[in-house]
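Visitor: Quick one: this structure, given as structure tokens, is what I'll be asking you about.
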Amino acid sequence: MSYHWDFSGVWSRWDLLLAGLINTIKIAGISIVFGVIVGLILAFLKLSPRRFLSAPATVFIEFYRNTPPIIHFFWFYYALPVLANVSLDPFVAAVLALSTQSGAFYAEVFRGGIISIEKGQWEGARALGMRHSQMMRRIILPQAMARMFAPFVERSFELTKTTALASTLAYADLLYQAMLVNSATFRPLEVYTTIALMYVILLVTASTLARIAEARLTAYR
Amino acid sequence: MDYQIDFDLIFRSLPVLLRGLLVTIELWVPTVLIGLTAGFLLSLARLSKSATLRLPSLFYIELFRDTPVLIQLIWFFYAFPIIIGVQLSPFVAALLGLTLNTSAYSAEIFRGGMQSIAQGQWEGARALGMRRSKILQRIILPQVFKRMLPAFTNRIIEIAKMSSLASVLSVHELMYQGRLLSSTYYRPFEILTTVAFIYFVLIYPGTWLSARLERRMAEKA
């Protein structure tokens, strides 16, 4: 191989990449929070015995799960402003896209966790004279949360990787910053390899933290 | 909302969008076929007793699972040609990125499936005098395919969604045509919504099938 790797251009612009990494973490964190809120609302709507509540939630969830993420980004950035006569900046459009799409997936995680709790647990709690809210708080949710944890983390990692699509709306995330550095240095091999490794480090760190948290959460077993 | 929807434009753009859909399918089918085959071989390496096979395959799988697909596609288009000294067309780069990504994810499905088969089956087959390749072919793989069918269907759906990222490399697939048309006519709402519906029609049958298979297997168990 005659190619000479030269990382000096990347090193001298490390501050740009660091700013990108921080923006990636920021947008992922905010979208996870909003995604959880959307997911909880959708999960409870879908669990409702009333069809006029559960049917719209099902349509919303299925629509998001069966269309590519990139179309949501473009739809919120280009189509929604025309329709609603507002203008959105790339960050807001990207957060809207990320939190609605991850909300659809989180909803299934939450719903799956709640319905996986055996009937006997509900009946037992009711036999003890607990009200619905008590039953949820003391019996069902603690067990459901432990079961939801792994798929929840997996979904959040998917979301974190999907934030790279925000670069197509010119949001200054890690990938976008890498494109800037690349156009200044003409070193795509070094630049894109560096940011790929930065993503690996970010996700491996996050998954280590998640494993520690999971061990605590399931300690009661 | 006083927005006037231009339905006529939707009908006029359908031929172009359907031409894009054809390219989407041209990316999708080979990625599924080559990616799953490569994933199977990769899972054998991953499960191998020899560390010289196991460690590189583990490294490869984690690298692809811990970086965004978009960056993998960009890397194969802009960075990889520098190493091999040959410029790749956007289509080939996208196909390469999608296939290798698929091989990593499906290797984990094959591995999960094979590890779920009881050890006794290997021992029993060996006692009958079968060679390792025969055991895999006749005893293990048929069961893995059956057991992991929902996971494979899910992966195939993910590939259809991922293929939309090829638009970033200007492969003329469905998403690319949608972006082009929506900026040409400045009618993003009509065009992008239509594109989303076409994707939904393409992908939803797979999701439906996967959910049905999963339910049927749960009933059998």
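Letters for chains follow the order of the structure tokens (A, B, ...), residue numbers begin at 1 for each chain, and ligand numbers begin at 1 in the order shown.
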Based on only C-alpha atoms, which of the residues in chain B come within 8 Å of chain A? I want them as number ranges by chain.

Guide: B: 1, 3, 63, 66-71, 74-75, 78-80, 82-83, 160-162, 164-165, 168, 175, 187-190, 192-193, 195-197, 199-200, 203-204, 207

Visitor: In Å, how far is it from atom CA of Pro15 of chain B to atom CA of Ala93 of chain A?

Guide: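 Computing the Euclidean distance for atom CA of Pro15 of chain B and atom CA of Ala93 of chain A yields 29.2 Å.
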
Visitor: Find the distance between atom CA of Ala94 of chain A and atom CA of Val33 of chain A and write it in Å to one decimal.

Guide: 13.9 Å

Visitor: Hey, what's within 7 Å of segment 33-47 of chain B if we count only C-alpha atoms and toss same-chain stuff fewer than 4 positions away? As a PDB file with N, CA and C atoms, in the first residue's frame, please?

Guide:
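The file below, out.pdb, is the result:
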ATOM      1  N   VAL B  29     -32.495  -5.990  -3.183  1.00  0.00           N
ATOM      2  CA  VAL B  29     -32.415  -7.439  -3.402  1.00  0.00           C
ATOM      3  C   VAL B  29     -30.978  -7.980  -3.291  1.00  0.00           C
ATOM      4  N   LEU B  53      -9.761 -16.487  13.813  1.00  0.00           N
ATOM      5  CA  LEU B  53     -11.008 -16.249  13.085  1.00  0.00           C
ATOM      6  C   LEU B  53     -11.978 -15.429  13.921  1.00  0.00           C
ATOM      7  N   ARG B  54     -12.034 -15.763  15.220  1.00  0.00           N
ATOM      8  CA  ARG B  54     -13.066 -15.186  16.077  1.00  0.00           C
ATOM      9  C   ARG B  54     -12.848 -13.689  16.320  1.00  0.00           C
ATOM     10  N   SER B  57     -13.479 -11.263  13.310  1.00  0.00           N
ATOM     11  CA  SER B  57     -14.892 -11.192  12.963  1.00  0.00           C
ATOM     12  C   SER B  57     -15.670 -10.420  14.027  1.00  0.00           C
ATOM     13  N   LEU B  58     -15.288 -10.592  15.287  1.00  0.00           N
ATOM     14  CA  LEU B  58     -15.918  -9.831  16.369  1.00  0.00           C
ATOM     15  C   LEU B  58     -15.687  -8.328  16.164  1.00  0.00           C
ATOM     16  N   THR B  99     -24.268  -3.891   1.986  1.00  0.00           N
ATOM     17  CA  THR B  99     -24.040  -5.331   2.079  1.00  0.00           C
ATOM     18  C   THR B  99     -23.181  -5.674   3.289  1.00  0.00           C
ATOM     19  N   LEU B 100     -22.091  -4.927   3.477  1.00  0.00           N
ATOM     20  CA  LEU B 100     -21.211  -5.236   4.604  1.00  0.00           C
ATOM     21  C   LEU B 100     -21.932  -4.964   5.926  1.00  0.00           C
ATOM     22  N   THR B 102     -25.128  -5.215   6.422  1.00  0.00           N
ATOM     23  CA  THR B 102     -26.076  -6.316   6.587  1.00  0.00           C
ATOM     24  C   THR B 102     -25.379  -7.589   7.053  1.00  0.00           C
ATOM     25  N   SER B 103     -24.178  -7.844   6.505  1.00  0.00           N
ATOM     26  CA  SER B 103     -23.469  -9.054   6.906  1.00  0.00           C
ATOM     27  C   SER B 103     -23.186  -9.037   8.406  1.00  0.00           C
ATOM     28  N   ALA B 104     -22.825  -7.855   8.948  1.00  0.00           N
ATOM     29  CA  ALA B 104     -22.519  -7.767  10.376  1.00  0.00           C
ATOM     30  C   ALA B 104     -23.766  -8.025  11.222  1.00  0.00           C
ATOM     31  N   SER B 106     -26.615  -9.545  10.287  1.00  0.00           N
ATOM     32  CA  SER B 106     -27.207 -10.881  10.166  1.00  0.00           C
ATOM     33  C   SER B 106     -26.298 -11.953  10.763  1.00  0.00           C
ATOM     34  N   ALA B 107     -24.993 -11.673  10.842  1.00  0.00           N
ATOM     35  CA  ALA B 107     -24.108 -12.625  11.525  1.00  0.00           C
ATOM     36  C   ALA B 107     -24.563 -12.801  12.972  1.00  0.00           C
ATOM     37  N   GLU B 108     -24.993 -11.698  13.596  1.00  0.00           N
ATOM     38  CA  GLU B 108     -25.451 -11.784  14.978  1.00  0.00           C
ATOM     39  C   GLU B 108     -26.763 -12.561  15.092  1.00  0.00           C
ATOM     40  N   PHE B 110     -27.646 -15.078  12.989  1.00  0.00           N
ATOM     41  CA  PHE B 110     -27.260 -16.484  12.824  1.00  0.00           C
ATOM     42  C   PHE B 110     -26.632 -17.016  14.117  1.00  0.00           C
ATOM     43  N   ARG B 111     -25.762 -16.203  14.718  1.00  0.00           N
ATOM     44  CA  ARG B 111     -25.086 -16.636  15.946  1.00  0.00           C
ATOM     45  C   ARG B 111     -26.115 -16.895  17.050  1.00  0.00           C
TER      46      ARG B 111
END

Visitor: Need the shell around Ile115 of chain A: protein/DNA/RNA residues with any atom at most 9 Å away, counting only C-alpha atoms. Skip same-chain ones fewer than 5 positions apart. Format as a list in words?

Guide: Leu47, Phe110 and Ala144 of chain A

Visitor: For the atom pair atom CA of Phe91 of chain A and atom CA of Ile30 of chain A, what is the interatomic distance in Å to one decimal place?

Guide: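 A separation of 10.6 Å between them.
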
Visitor: For Val38 of chain A, which residue among A:Ala97, A:Leu88, A:Ala210, A:Ala55 is the nearest when counting only C-alpha atoms?

Guide: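 Going through A:Ala97, A:Leu88, A:Ala210, A:Ala55 one by one, the smallest distance to Val38 of chain A is for A:Ala97.
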
Visitor: Between A:Phe7, A:Tyr106, A:Phe73, A:Phe149, which has the minimum distance to Phe44 of chain A (counting only C-alpha atoms)?

Guide: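 For Phe44 of chain A, the nearest of the given residues is A:Tyr106.
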
Visitor: For Ala93 of chain B, please output as an MDAnalysis selection string all residues within 7 Å (counting only C-alpha atoms; exclusion window: fewer than 6 positions along the same chain).

Guide: chainID B and resid 73 76:77

Visitor: For a quick check of understanding, using only C-alpha atoms, which of B:Gly206, B:Gly124, B:Gly112, B:Gly85 has the smallest distance to Arg155 of chain B?

Guide: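 Answer, going by the shortest atom-to-atom distance: B:Gly206.
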
Visitor: Env of Pro150 of chain B: 10 Å cut, atoms = only C-alpha atoms, seq-sep filter 5 positions within chain, self excluded. Answer as a compact mmCIF listing (two decimals) with N, CA and C atoms, in the first residue's frame.

Guide:
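Output file around-v9.txt is given in full below:
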# COMPACT_ATOMS: atom_id res chain seq x y z
N PHE B 145 -33.13 -21.15 10.71
CA PHE B 145 -33.94 -20.36 9.79
C PHE B 145 -35.36 -20.20 10.32
N ARG B 155 -34.70 -7.62 9.58
CA ARG B 155 -33.45 -7.13 8.98
C ARG B 155 -33.70 -6.73 7.53
N ILE B 156 -34.48 -7.55 6.81
CA ILE B 156 -34.77 -7.26 5.40
C ILE B 156 -35.55 -5.94 5.29
N GLY B 206 -43.92 -6.66 4.75
CA GLY B 206 -42.89 -7.39 5.49
C GLY B 206 -43.11 -7.32 6.99
N THR B 207 -43.44 -6.15 7.50
CA THR B 207 -43.69 -5.98 8.93
C THR B 207 -44.88 -6.84 9.36
N LEU B 209 -46.01 -9.52 7.93
CA LEU B 209 -45.63 -10.94 7.86
C LEU B 209 -44.81 -11.32 9.10
N SER B 210 -43.87 -10.44 9.45
CA SER B 210 -42.99 -10.73 10.57
C SER B 210 -43.78 -10.82 11.88
N ALA B 211 -44.75 -9.90 12.05
CA ALA B 211 -45.57 -9.93 13.27
C ALA B 211 -46.40 -11.21 13.32
N ARG B 212 -46.92 -11.63 12.15
CA ARG B 212 -47.74 -12.84 12.09
C ARG B 212 -46.92 -14.08 12.44
N LEU B 213 -45.70 -14.14 11.88
CA LEU B 213 -44.81 -15.27 12.16
C LEU B 213 -44.50 -15.34 13.64
N GLU B 214 -44.23 -14.16 14.21
CA GLU B 214 -43.85 -14.11 15.62
C GLU B 214 -45.01 -14.61 16.49
N ARG B 215 -46.22 -14.17 16.13
CA ARG B 215 -47.39 -14.57 16.91
C ARG B 215 -47.60 -16.07 16.81
N MET B 217 -45.42 -18.35 16.21
CA MET B 217 -44.40 -19.09 16.96
C MET B 217 -44.67 -19.03 18.45

Visitor: Out of A:Pro151, A:Ser207, A:Val181, A:Ile212, which residue has the shortest atom-to-atom distance to Leu18 of chain A when counting only C-alpha atoms?

Guide: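 Selected residue with least distance to Leu18 of chain A: A:Val181.
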
Visitor: If we count only C-alpha atoms and set the cut-off at 7 Å, which residues sit around segment 19-27 of chain A, ignoring sequence neighbours fewer than 3 positions away in its own chain? Please answer as a list of chain:residue names.

Guide: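 Skipping anything fewer than 3 positions along the chain leaves A:Asp15, A:Leu16, A:Ile30, A:Ser31, A:Val95, A:Thr163, A:Ala172, A:Asp173, A:Leu174, A:Gln177.
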